[in-house]
Amino acid sequence: MTVTEPSSISAEASSDTIVEVRNLTKHFPIEKGLLKRTVGQVQAVNGISFDVRRGSTVALVGESGCGKTTTGQLILHLLEPTSGTVRFEGRDLAGLQRGELRRLRQRMQIIFQDPFSSLDPRMSTLSIVAEGLEVHGIASGKQKVDRVVELLELVGLSSRDLRKFPHEFSGGQRQRIGIARALATNPEVIVCDEAVSALDVSIQAQVLNLLKDLQAELNLTYLFITHDLNVVRYISDEVIVMYLGEIVEQAATEDLFENPIHPYTRSLFSAVPVVDPDLAEKREPFLASGELPSPSNPPSGCKFHTRCPFSCEAATQQIPETVEFEPGHRAAACPCYTTDGVRVR
Amino acid sequence: MDTGGLHAETSDAVLSVRQLRTEFATRHGQVAAVSDVSFDVRPGETVALVGESGSGKTVTALSIMHLLESTGSIAGGEVIFEGRDIAHLEEREMRSLRGEKIAMIFQDPSTCLDPLFTVEHQLAEMLHLHRDITDAEARTRALELLRHVGMPDAEARLDTYQHKLSGGQRQRVMIAMALALSPSLLIADEPTTALDVTVQAQILDLLRTLADETGAAILFVTHDLGVVAEMADRVVVMYAGQVIEQGRVREVLKTPQHPYTAALLNSMPGNAAMTGQRLEAIDGSVPSLFNMPHACRFAPRCKHAFDRCTVEPPPVHELGSDRNARCWLSDPSESWRRQPAEVST
Ligand SMILES: Nc1ncnc2c1ncn2[C@@H]1O[C@H](COP(=O)(O)OP(=O)(O)OP(=O)(O)O)[C@@H](O)[C@H]1O
Ligand SMILES: Nc1ncnc2c1ncn2[C@@H]1O[C@H](COP(=O)(O)OP(=O)(O)OP(=O)(O)O)[C@@H](O)[C@H]1O
Ligand SMILES: [Mg+2]
Ligand SMILES: [Mg+2]
């Protein structure tokens, strides 16, 4: 068992690391009045570090407002970080020229949550999917149409759908169009921001299967943002649990589900309704109390202490260190459940 | 044969919905959003109404409450509440039933909380409308109610407006309003769908406790089979405007009789993740109200469909007490076609 500082993780970053995030922080100013005086900061993301291996799926989970979307946008460099770095294949995104950044953008794409509002209702399937091809000058004319048909077939649609408009498709089909659009530029990394959250389970299953198949076929890397732990268990290789802008726990998916360590993770798992009536009965309740504090005025010490089922005094003072409890399984070692970095309950 | 649902004694039920049909006038003519829905809710019992988006859950709930939009109306069937058919009750009589005897809570609390009035004002108004009490008594009762629903810092919250409350707190206010007059039936339409899981768990817990204390029956509308397992005694599964299966929660989830229920369970990622299987998506999508298959509505997506399913509408087959399914496979003459159990929970 070793205590790891974020900087020592960087030593582990190996050649198959495609995205490397170090001490990433994003604070949004809260402005007030006509003069836009800054009266505070929303600490959306606060010093997070992790690596994403090529071809893997890393899930970012946590409750509303914990900073998942902000993290995704920082990784795509759609937002400037307040501090910290994002490296893509070892290159710091902050240092790139505009042209370089644009070329890099082709290799990183995003799929949004809402299949209804993320597609322009006045554009045909062809123009929606072809947009990226045109913007990046990848294909035009007949070549472009052929590529779009190829993409549509890849996601289970067909050339018959080229001239249709979004309202002519079901929710699952629209999400497929969003996926085809994201795939148009041959990206290597796709940020899926709640990409299946708005879909009914039967349709969600179609899209999850499709994402898995595409990953196997194209060696895609996914950063999968979701609040649905059942989806996480199905789709991801690794999970990062966030609370108020910080990482509280991080592990391989099965390790996390078999052995959640941090009280927040445990309370999340205990809150997810389970379908199997036998499992539901066996489960011990371990519920967080109250609601999420404001990220502009987060609690001191361990940020979860105001809701923690192990209400503990020590946690209000000192910021817990991250400890690697098992190989690859790290958590913020709050004194409420650890002593000298050893888990006691 | 086809009794349109349960023919168990309706006399002991708080609510008996019988062959309910609700239609909407649209630009393209009259459509039935709900056709042939029958189920009972008995005193103190929680019944879940479950189904995917557009299956008719909300329309069923709104029909019972007489809260349909002006283009919608009950076109057939009965809604028997405490022994009397209220399907065509006058609005004046209905108004005194609502709140007093049947209360409803919604997914989005802002639909029934007024942004211009304080929490106290709204609770008090509700009490004054139905009870002869003084302002001071109303305030005391309002405070009691807020405490009862676990509102943190209840006294201070009395004078707050809804925009200052979190989603979970608004839901608590709405539950307080709904339970203010001790109704015998509470209809809850996806009351936790918009909330984080940890807050959802708190609200579900609250509803369970309050239902136990007050003896109120609950009709719980949800699309989440996990919530069904944790909340309900019995479950009514809807598809395309019809009830396709109903029974005790444990039986329906463990041994679903309708292929749709089984497919829904198999498309849940939580189950597949644990067994390592691929998700079983249901191909295609829910039929449009304007283009309903005329025999079995699920047949075009059903793996087990055979010739009869596409020519003859399946009747509701009674399968012992409290259990039925609208499927030809449940017909004694066709049961030889049934495959061994398909669910992998
Ligand atoms: N542009 C912005 N300006 C100010 N605050 C912002 C901005 N974007 C996000 N925030 C705040 O930062 C915090 C993190 O937001 P973020 O959208 O990353 O959360 P999330 O985990 O994606 O939540 P959800 O599950 O609701 O999508 C929230 O408190 C949010 O209100
Ligand atoms: N005012 C209306 N006019 C016409 N059709 C309507 C109207 N309200 C609902 N419908 C239709 O009735 C059907 C059932 O809708 P309903 O809202 O009951 O679904 P639901 O099961 O509650 O779905 P969800 O899970 O999305 O809330 C849908 O096809 C819907 O489009
Ligand atoms: Mg988000
Ligand atoms: Mg609804």
# chains A, B, ... in the order shown; residues from 1 in each chain; ligands from 1
>>> interface_residues(of="chain B", to="chain A", cutoff="6 Å", atoms="only C-alpha atoms", output="list in words")
Glu52, Asp196, Val197, Thr198, Ala201, Leu225, Gly226, Val227, Ala229, Ser267, Pro269, Gly270, Ala273, Leu279, Ala281 and Ile282 of chain B
>>> write_last_selection(atoms="C-alpha atoms", output="PDB file, in the first residue's frame")
ATOM      1  CA  GLU B  52     -41.317   2.901 -21.629  1.00  0.00           C
ATOM      2  CA  ASP B 196     -29.862  12.249  -8.086  1.00  0.00           C
ATOM      3  CA  VAL B 197     -29.813   8.648  -6.872  1.00  0.00           C
ATOM      4  CA  THR B 198     -28.877   9.502  -3.306  1.00  0.00           C
ATOM      5  CA  ALA B 201     -33.285   6.966  -2.268  1.00  0.00           C
ATOM      6  CA  LEU B 225     -37.832  -1.573 -12.891  1.00  0.00           C
ATOM      7  CA  GLY B 226     -35.383  -1.101 -10.024  1.00  0.00           C
ATOM      8  CA  VAL B 227     -37.718   1.435  -8.434  1.00  0.00           C
ATOM      9  CA  ALA B 229     -38.690  -3.733  -7.137  1.00  0.00           C
ATOM     10  CA  SER B 267     -32.156  -5.078 -21.794  1.00  0.00           C
ATOM     11  CA  PRO B 269     -27.448  -3.191 -18.249  1.00  0.00           C
ATOM     12  CA  GLY B 270     -27.182  -4.063 -14.541  1.00  0.00           C
ATOM     13  CA  ALA B 273     -23.004  -6.585 -16.510  1.00  0.00           C
ATOM     14  CA  LEU B 279     -27.363  -6.746 -23.691  1.00  0.00           C
ATOM     15  CA  ALA B 281     -31.841  -4.995 -27.087  1.00  0.00           C
ATOM     16  CA  ILE B 282     -35.419  -4.986 -28.343  1.00  0.00           C
TER      17      ILE B 282
END
>>> closest_atom_pairs(of="chain A", to="ligand 1", cutoff="6 Å", atoms="only C-alpha atoms and all ligand atoms", output="Markdown table")
| residue | atom | partner | partner_atom_place_in_ligand_line | distance |
| --- | --- | --- | --- | --- |
| A:Phe28 | CA | ligand 1 | 4 (C) | 4.8 |
| A:Val42 | CA | ligand 1 | 5 (N) | 5.8 |
| A:Ala44 | CA | ligand 1 | 12 (O) | 4.0 |
| A:Glu63 | CA | ligand 1 | 25 (O) | 5.6 |
| A:Ser64 | CA | ligand 1 | 25 (O) | 3.4 |
| A:Gly65 | CA | ligand 1 | 19 (O) | 3.4 |
| A:Cys66 | CA | ligand 1 | 21 (O) | 4.0 |
| A:Gly67 | CA | ligand 1 | 18 (O) | 3.2 |
| A:Lys68 | CA | ligand 1 | 21 (O) | 3.7 |
| A:Thr69 | CA | ligand 1 | 22 (O) | 3.6 |
| A:Thr70 | CA | ligand 1 | 18 (O) | 3.7 |
| A:Pro295 | CA | ligand 1 | 29 (O) | 5.4 |
>>> write_last_selection(atoms="all heavy atoms", output="PDB file, in the first residue's frame")
ATOM      1  N   PHE A  28     -15.273  28.557 -12.219  1.00  0.00           N
ATOM      2  CA  PHE A  28     -16.037  29.556 -12.965  1.00  0.00           C
ATOM      3  C   PHE A  28     -16.297  30.739 -12.046  1.00  0.00           C
ATOM      4  O   PHE A  28     -16.767  30.551 -10.923  1.00  0.00           O
ATOM      5  CB  PHE A  28     -17.387  28.991 -13.406  1.00  0.00           C
ATOM      6  CG  PHE A  28     -17.296  27.895 -14.423  1.00  0.00           C
ATOM      7  CD1 PHE A  28     -17.492  26.568 -14.055  1.00  0.00           C
ATOM      8  CD2 PHE A  28     -17.049  28.194 -15.755  1.00  0.00           C
ATOM      9  CE1 PHE A  28     -17.428  25.548 -14.997  1.00  0.00           C
ATOM     10  CE2 PHE A  28     -16.991  27.178 -16.702  1.00  0.00           C
ATOM     11  CZ  PHE A  28     -17.174  25.852 -16.324  1.00  0.00           C
ATOM     12  N   VAL A  42     -17.195  29.163  -8.665  1.00  0.00           N
ATOM     13  CA  VAL A  42     -17.754  27.819  -8.643  1.00  0.00           C
ATOM     14  C   VAL A  42     -16.596  26.865  -8.884  1.00  0.00           C
ATOM     15  O   VAL A  42     -15.984  26.890  -9.949  1.00  0.00           O
ATOM     16  CB  VAL A  42     -18.811  27.606  -9.752  1.00  0.00           C
ATOM     17  CG1 VAL A  42     -19.368  26.191  -9.681  1.00  0.00           C
ATOM     18  CG2 VAL A  42     -19.919  28.622  -9.655  1.00  0.00           C
ATOM     19  N   ALA A  44     -15.814  23.980 -10.073  1.00  0.00           N
ATOM     20  CA  ALA A  44     -16.443  22.902 -10.846  1.00  0.00           C
ATOM     21  C   ALA A  44     -15.555  21.659 -10.885  1.00  0.00           C
ATOM     22  O   ALA A  44     -16.031  20.542 -10.753  1.00  0.00           O
ATOM     23  CB  ALA A  44     -16.766  23.383 -12.249  1.00  0.00           C
ATOM     24  N   GLU A  63     -22.914  12.630  -8.888  1.00  0.00           N
ATOM     25  CA  GLU A  63     -24.210  13.275  -8.973  1.00  0.00           C
ATOM     26  C   GLU A  63     -24.152  14.571  -9.761  1.00  0.00           C
ATOM     27  O   GLU A  63     -23.082  15.100 -10.043  1.00  0.00           O
ATOM     28  CB  GLU A  63     -24.729  13.531  -7.563  1.00  0.00           C
ATOM     29  CG  GLU A  63     -25.071  12.240  -6.862  1.00  0.00           C
ATOM     30  CD  GLU A  63     -25.460  12.484  -5.419  1.00  0.00           C
ATOM     31  OE1 GLU A  63     -24.584  12.744  -4.606  1.00  0.00           O
ATOM     32  OE2 GLU A  63     -26.664  12.420  -5.140  1.00  0.00           O
ATOM     33  N   SER A  64     -25.320  15.061 -10.077  1.00  0.00           N
ATOM     34  CA  SER A  64     -25.457  16.291 -10.834  1.00  0.00           C
ATOM     35  C   SER A  64     -24.591  17.401 -10.245  1.00  0.00           C
ATOM     36  O   SER A  64     -24.599  17.621  -9.036  1.00  0.00           O
ATOM     37  CB  SER A  64     -26.925  16.689 -10.806  1.00  0.00           C
ATOM     38  OG  SER A  64     -27.105  17.832 -11.577  1.00  0.00           O
ATOM     39  N   GLY A  65     -23.826  18.068 -11.098  1.00  0.00           N
ATOM     40  CA  GLY A  65     -23.027  19.194 -10.629  1.00  0.00           C
ATOM     41  C   GLY A  65     -21.661  18.839 -10.087  1.00  0.00           C
ATOM     42  O   GLY A  65     -20.927  19.717  -9.633  1.00  0.00           O
ATOM     43  N   CYS A  66     -21.269  17.548 -10.146  1.00  0.00           N
ATOM     44  CA  CYS A  66     -19.979  17.185  -9.564  1.00  0.00           C
ATOM     45  C   CYS A  66     -18.820  17.498 -10.505  1.00  0.00           C
ATOM     46  O   CYS A  66     -17.669  17.351 -10.120  1.00  0.00           O
ATOM     47  CB  CYS A  66     -19.959  15.721  -9.139  1.00  0.00           C
ATOM     48  SG  CYS A  66     -19.982  14.577 -10.520  1.00  0.00           S
ATOM     49  N   GLY A  67     -19.126  17.912 -11.739  1.00  0.00           N
ATOM     50  CA  GLY A  67     -18.054  18.350 -12.628  1.00  0.00           C
ATOM     51  C   GLY A  67     -17.741  17.417 -13.786  1.00  0.00           C
ATOM     52  O   GLY A  67     -16.707  17.564 -14.440  1.00  0.00           O
ATOM     53  N   LYS A  68     -18.637  16.482 -14.087  1.00  0.00           N
ATOM     54  CA  LYS A  68     -18.371  15.508 -15.146  1.00  0.00           C
ATOM     55  C   LYS A  68     -18.302  16.180 -16.523  1.00  0.00           C
ATOM     56  O   LYS A  68     -17.335  15.987 -17.272  1.00  0.00           O
ATOM     57  CB  LYS A  68     -19.476  14.426 -15.167  1.00  0.00           C
ATOM     58  CG  LYS A  68     -19.691  13.738 -13.838  1.00  0.00           C
ATOM     59  CD  LYS A  68     -20.761  12.672 -13.916  1.00  0.00           C
ATOM     60  CE  LYS A  68     -22.163  13.177 -14.178  1.00  0.00           C
ATOM     61  NZ  LYS A  68     -22.714  14.025 -13.107  1.00  0.00           N
ATOM     62  N   THR A  69     -19.338  16.962 -16.851  1.00  0.00           N
ATOM     63  CA  THR A  69     -19.371  17.620 -18.157  1.00  0.00           C
ATOM     64  C   THR A  69     -18.204  18.580 -18.307  1.00  0.00           C
ATOM     65  O   THR A  69     -17.543  18.623 -19.351  1.00  0.00           O
ATOM     66  CB  THR A  69     -20.713  18.359 -18.342  1.00  0.00           C
ATOM     67  OG1 THR A  69     -21.747  17.382 -18.380  1.00  0.00           O
ATOM     68  CG2 THR A  69     -20.741  19.174 -19.624  1.00  0.00           C
ATOM     69  N   THR A  70     -17.916  19.327 -17.255  1.00  0.00           N
ATOM     70  CA  THR A  70     -16.790  20.262 -17.296  1.00  0.00           C
ATOM     71  C   THR A  70     -15.496  19.505 -17.581  1.00  0.00           C
ATOM     72  O   THR A  70     -14.691  19.925 -18.415  1.00  0.00           O
ATOM     73  CB  THR A  70     -16.684  21.034 -15.961  1.00  0.00           C
ATOM     74  OG1 THR A  70     -17.949  21.643 -15.693  1.00  0.00           O
ATOM     75  CG2 THR A  70     -15.621  22.100 -16.014  1.00  0.00           C
ATOM     76  N   PRO A 295     -21.123  24.033  -4.886  1.00  0.00           N
ATOM     77  CA  PRO A 295     -19.716  23.987  -5.289  1.00  0.00           C
ATOM     78  C   PRO A 295     -19.039  25.351  -5.213  1.00  0.00           C
ATOM     79  O   PRO A 295     -17.841  25.453  -5.418  1.00  0.00           O
ATOM     80  CB  PRO A 295     -19.756  23.470  -6.734  1.00  0.00           C
ATOM     81  CG  PRO A 295     -21.143  23.705  -7.210  1.00  0.00           C
ATOM     82  CD  PRO A 295     -22.054  23.783  -6.017  1.00  0.00           C
TER      83      PRO A 295
END
>>> residues_near_ligand(ligand="ligand 2", cutoff="9 Å", atoms="only C-alpha atoms and all ligand atoms", output="PyMOL selection string")
(chain A and resi 200) or (chain B and resi 22-26+30-34+49-62+68-72+189-190+221-223+238-241+287-289)
>>> write_last_selection(atoms="C-alpha atoms", output="PDB file, in the first residue's frame")
ATOM      1  CA  ASP A 200     -35.632   4.027 -22.896  1.00  0.00           C
TER       2      ASP A 200
ATOM      3  CA  THR B  22     -58.524   7.774 -23.389  1.00  0.00           C
ATOM      4  CA  GLU B  23     -58.490   9.618 -26.685  1.00  0.00           C
ATOM      5  CA  PHE B  24     -56.965  12.840 -27.940  1.00  0.00           C
ATOM      6  CA  ALA B  25     -58.196  15.023 -30.754  1.00  0.00           C
ATOM      7  CA  THR B  26     -55.202  15.784 -32.966  1.00  0.00           C
ATOM      8  CA  GLN B  30     -58.838  11.126 -32.987  1.00  0.00           C
ATOM      9  CA  VAL B  31     -56.201   8.831 -31.424  1.00  0.00           C
ATOM     10  CA  ALA B  32     -56.407   6.518 -28.440  1.00  0.00           C
ATOM     11  CA  ALA B  33     -53.343   7.051 -26.230  1.00  0.00           C
ATOM     12  CA  VAL B  34     -54.673   4.511 -23.752  1.00  0.00           C
ATOM     13  CA  LEU B  49     -47.362   1.430 -13.381  1.00  0.00           C
ATOM     14  CA  VAL B  50     -44.301   0.774 -15.496  1.00  0.00           C
ATOM     15  CA  GLY B  51     -43.510   1.075 -19.186  1.00  0.00           C
ATOM     16  CA  GLU B  52     -41.317   2.901 -21.629  1.00  0.00           C
ATOM     17  CA  SER B  53     -41.770   6.447 -22.816  1.00  0.00           C
ATOM     18  CA  GLY B  54     -45.104   6.971 -24.561  1.00  0.00           C
ATOM     19  CA  SER B  55     -46.691   3.782 -23.251  1.00  0.00           C
ATOM     20  CA  GLY B  56     -49.545   5.747 -21.650  1.00  0.00           C
ATOM     21  CA  LYS B  57     -48.598   5.879 -17.973  1.00  0.00           C
ATOM     22  CA  THR B  58     -49.092   9.609 -17.512  1.00  0.00           C
ATOM     23  CA  VAL B  59     -52.255   9.655 -19.606  1.00  0.00           C
ATOM     24  CA  THR B  60     -53.668   6.884 -17.391  1.00  0.00           C
ATOM     25  CA  ALA B  61     -52.809   8.855 -14.238  1.00  0.00           C
ATOM     26  CA  LEU B  62     -54.191  12.112 -15.607  1.00  0.00           C
ATOM     27  CA  LEU B  68     -56.146  15.748 -19.079  1.00  0.00           C
ATOM     28  CA  GLU B  69     -55.626  18.597 -21.497  1.00  0.00           C
ATOM     29  CA  SER B  70     -58.799  19.875 -23.118  1.00  0.00           C
ATOM     30  CA  THR B  71     -58.140  17.835 -26.282  1.00  0.00           C
ATOM     31  CA  GLY B  72     -58.153  14.606 -24.275  1.00  0.00           C
ATOM     32  CA  ASP B 189     -45.879  10.231 -11.591  1.00  0.00           C
ATOM     33  CA  GLU B 190     -42.101   9.649 -11.780  1.00  0.00           C
ATOM     34  CA  VAL B 221     -45.681   5.643 -12.144  1.00  0.00           C
ATOM     35  CA  THR B 222     -42.103   4.883 -13.207  1.00  0.00           C
ATOM     36  CA  HIS B 223     -40.042   3.571 -16.085  1.00  0.00           C
ATOM     37  CA  MET B 238     -47.854  -1.087 -20.075  1.00  0.00           C
ATOM     38  CA  TYR B 239     -46.905  -1.151 -23.733  1.00  0.00           C
ATOM     39  CA  ALA B 240     -48.337   1.054 -26.474  1.00  0.00           C
ATOM     40  CA  GLY B 241     -51.362   2.124 -24.466  1.00  0.00           C
ATOM     41  CA  PRO B 287     -45.325   1.865 -32.684  1.00  0.00           C
ATOM     42  CA  SER B 288     -46.887   5.237 -33.368  1.00  0.00           C
ATOM     43  CA  LEU B 289     -50.394   5.916 -32.100  1.00  0.00           C
TER      44      LEU B 289
END
>>> select_by_dssp(residues="range 10-223 of chain A", states="strand (DSSP E)", output="count of residues only")
58
>>> atom_distance(atom1="CA of Phe106 in chain B", atom2="CA of Glu93 in chain B")
22.2 Å
>>> closest_residue(among="B:Ser333, B:Ser184, B:Ser321, B:Thr193", to="ligand 4", atoms="only C-alpha atoms and all ligand atoms")
B:Thr193
>>> residues_around(residues="Ala136 in chain B", least_positions_apart="4", cutoff="12 Å", atoms="only C-alpha atoms", output="number ranges by chain")
B: 120-121, 124, 127-128, 132, 140-143
>>> select_by_dssp(residues="range 284-331 of chain B", states="alpha helix (DSSP H)", output="list in words")
Asp307, Arg308, Cys309, Thr310 and Val311 of chain B
>>> closest_residue(among="A:Asp114, A:Glu194, A:Asp16, A:Glu321", to="ligand 3", atoms="only C-alpha atoms and all ligand atoms")
A:Glu194
>>> atom_distance(atom1="CA of Thr25 in chain A", atom2="CA of Asp340 in chain A")
27.7 Å
>>> decode(residues="range 280-300 of chain B", atoms="N, CA, C and O atoms", output="PDB file, in the first residue's frame")
ATOM      1  N   GLU B 280     -29.500  -7.603 -24.347  1.00  0.00           N
ATOM      2  CA  GLU B 280     -30.473  -8.026 -25.330  1.00  0.00           C
ATOM      3  C   GLU B 280     -31.366  -6.841 -25.666  1.00  0.00           C
ATOM      4  O   GLU B 280     -32.305  -6.545 -24.939  1.00  0.00           O
ATOM      5  N   ALA B 281     -31.027  -6.147 -26.713  1.00  0.00           N
ATOM      6  CA  ALA B 281     -31.841  -4.995 -27.087  1.00  0.00           C
ATOM      7  C   ALA B 281     -33.140  -5.474 -27.708  1.00  0.00           C
ATOM      8  O   ALA B 281     -33.209  -6.594 -28.218  1.00  0.00           O
ATOM      9  N   ILE B 282     -34.186  -4.663 -27.623  1.00  0.00           N
ATOM     10  CA  ILE B 282     -35.419  -4.986 -28.343  1.00  0.00           C
ATOM     11  C   ILE B 282     -35.337  -4.244 -29.671  1.00  0.00           C
ATOM     12  O   ILE B 282     -35.216  -3.019 -29.688  1.00  0.00           O
ATOM     13  N   ASP B 283     -35.363  -4.974 -30.772  1.00  0.00           N
ATOM     14  CA  ASP B 283     -35.238  -4.321 -32.072  1.00  0.00           C
ATOM     15  C   ASP B 283     -36.408  -3.384 -32.330  1.00  0.00           C
ATOM     16  O   ASP B 283     -37.489  -3.562 -31.775  1.00  0.00           O
ATOM     17  N   GLY B 284     -36.177  -2.437 -33.229  1.00  0.00           N
ATOM     18  CA  GLY B 284     -37.251  -1.547 -33.634  1.00  0.00           C
ATOM     19  C   GLY B 284     -37.614  -0.568 -32.547  1.00  0.00           C
ATOM     20  O   GLY B 284     -36.864  -0.354 -31.604  1.00  0.00           O
ATOM     21  N   SER B 285     -38.764   0.071 -32.682  1.00  0.00           N
ATOM     22  CA  SER B 285     -39.179   1.009 -31.648  1.00  0.00           C
ATOM     23  C   SER B 285     -40.687   0.922 -31.446  1.00  0.00           C
ATOM     24  O   SER B 285     -41.390   0.236 -32.190  1.00  0.00           O
ATOM     25  N   VAL B 286     -41.135   1.626 -30.418  1.00  0.00           N
ATOM     26  CA  VAL B 286     -42.552   1.595 -30.045  1.00  0.00           C
ATOM     27  C   VAL B 286     -43.403   2.103 -31.221  1.00  0.00           C
ATOM     28  O   VAL B 286     -43.046   3.093 -31.848  1.00  0.00           O
ATOM     29  N   PRO B 287     -44.520   1.417 -31.541  1.00  0.00           N
ATOM     30  CA  PRO B 287     -45.325   1.865 -32.684  1.00  0.00           C
ATOM     31  C   PRO B 287     -45.970   3.218 -32.418  1.00  0.00           C
ATOM     32  O   PRO B 287     -46.215   3.596 -31.277  1.00  0.00           O
ATOM     33  N   SER B 288     -46.233   3.940 -33.497  1.00  0.00           N
ATOM     34  CA  SER B 288     -46.887   5.237 -33.368  1.00  0.00           C
ATOM     35  C   SER B 288     -48.379   5.039 -33.109  1.00  0.00           C
ATOM     36  O   SER B 288     -48.980   4.062 -33.546  1.00  0.00           O
ATOM     37  N   LEU B 289     -48.960   5.996 -32.398  1.00  0.00           N
ATOM     38  CA  LEU B 289     -50.394   5.916 -32.100  1.00  0.00           C
ATOM     39  C   LEU B 289     -51.217   5.856 -33.383  1.00  0.00           C
ATOM     40  O   LEU B 289     -52.329   5.353 -33.398  1.00  0.00           O
ATOM     41  N   PHE B 290     -50.664   6.403 -34.458  1.00  0.00           N
ATOM     42  CA  PHE B 290     -51.413   6.465 -35.712  1.00  0.00           C
ATOM     43  C   PHE B 290     -51.258   5.208 -36.534  1.00  0.00           C
ATOM     44  O   PHE B 290     -51.865   5.049 -37.576  1.00  0.00           O
ATOM     45  N   ASN B 291     -50.384   4.339 -36.069  1.00  0.00           N
ATOM     46  CA  ASN B 291     -50.056   3.190 -36.893  1.00  0.00           C
ATOM     47  C   ASN B 291     -49.877   1.962 -36.004  1.00  0.00           C
ATOM     48  O   ASN B 291     -48.859   1.303 -36.039  1.00  0.00           O
ATOM     49  N   MET B 292     -50.895   1.693 -35.183  1.00  0.00           N
ATOM     50  CA  MET B 292     -50.812   0.575 -34.254  1.00  0.00           C
ATOM     51  C   MET B 292     -51.004  -0.745 -34.997  1.00  0.00           C
ATOM     52  O   MET B 292     -51.909  -0.869 -35.794  1.00  0.00           O
ATOM     53  N   PRO B 293     -50.140  -1.722 -34.704  1.00  0.00           N
ATOM     54  CA  PRO B 293     -50.398  -3.054 -35.250  1.00  0.00           C
ATOM     55  C   PRO B 293     -51.795  -3.480 -34.789  1.00  0.00           C
ATOM     56  O   PRO B 293     -52.150  -3.246 -33.636  1.00  0.00           O
ATOM     57  N   HIS B 294     -52.589  -4.082 -35.662  1.00  0.00           N
ATOM     58  CA  HIS B 294     -53.977  -4.297 -35.260  1.00  0.00           C
ATOM     59  C   HIS B 294     -54.175  -5.542 -34.402  1.00  0.00           C
ATOM     60  O   HIS B 294     -55.167  -5.664 -33.718  1.00  0.00           O
ATOM     61  N   ALA B 295     -53.225  -6.462 -34.430  1.00  0.00           N
ATOM     62  CA  ALA B 295     -53.373  -7.625 -33.539  1.00  0.00           C
ATOM     63  C   ALA B 295     -52.558  -7.350 -32.271  1.00  0.00           C
ATOM     64  O   ALA B 295     -52.861  -6.418 -31.559  1.00  0.00           O
ATOM     65  N   CYS B 296     -51.510  -8.158 -32.006  1.00  0.00           N
ATOM     66  CA  CYS B 296     -50.678  -7.862 -30.838  1.00  0.00           C
ATOM     67  C   CYS B 296     -49.789  -6.663 -31.154  1.00  0.00           C
ATOM     68  O   CYS B 296     -49.084  -6.650 -32.161  1.00  0.00           O
ATOM     69  N   ARG B 297     -49.798  -5.678 -30.274  1.00  0.00           N
ATOM     70  CA  ARG B 297     -49.040  -4.452 -30.541  1.00  0.00           C
ATOM     71  C   ARG B 297     -47.536  -4.649 -30.414  1.00  0.00           C
ATOM     72  O   ARG B 297     -46.748  -3.866 -30.927  1.00  0.00           O
ATOM     73  N   PHE B 298     -47.134  -5.694 -29.716  1.00  0.00           N
ATOM     74  CA  PHE B 298     -45.702  -5.946 -29.542  1.00  0.00           C
ATOM     75  C   PHE B 298     -45.171  -6.906 -30.612  1.00  0.00           C
ATOM     76  O   PHE B 298     -43.961  -7.024 -30.806  1.00  0.00           O
ATOM     77  N   ALA B 299     -46.082  -7.572 -31.335  1.00  0.00           N
ATOM     78  CA  ALA B 299     -45.676  -8.629 -32.277  1.00  0.00           C
ATOM     79  C   ALA B 299     -44.533  -8.235 -33.224  1.00  0.00           C
ATOM     80  O   ALA B 299     -43.596  -9.014 -33.410  1.00  0.00           O
ATOM     81  N   PRO B 300     -44.557  -7.014 -33.817  1.00  0.00           N
ATOM     82  CA  PRO B 300     -43.480  -6.691 -34.768  1.00  0.00           C
ATOM     83  C   PRO B 300     -42.084  -6.701 -34.140  1.00  0.00           C
ATOM     84  O   PRO B 300     -41.089  -6.803 -34.849  1.00  0.00           O
TER      85      PRO B 300
END
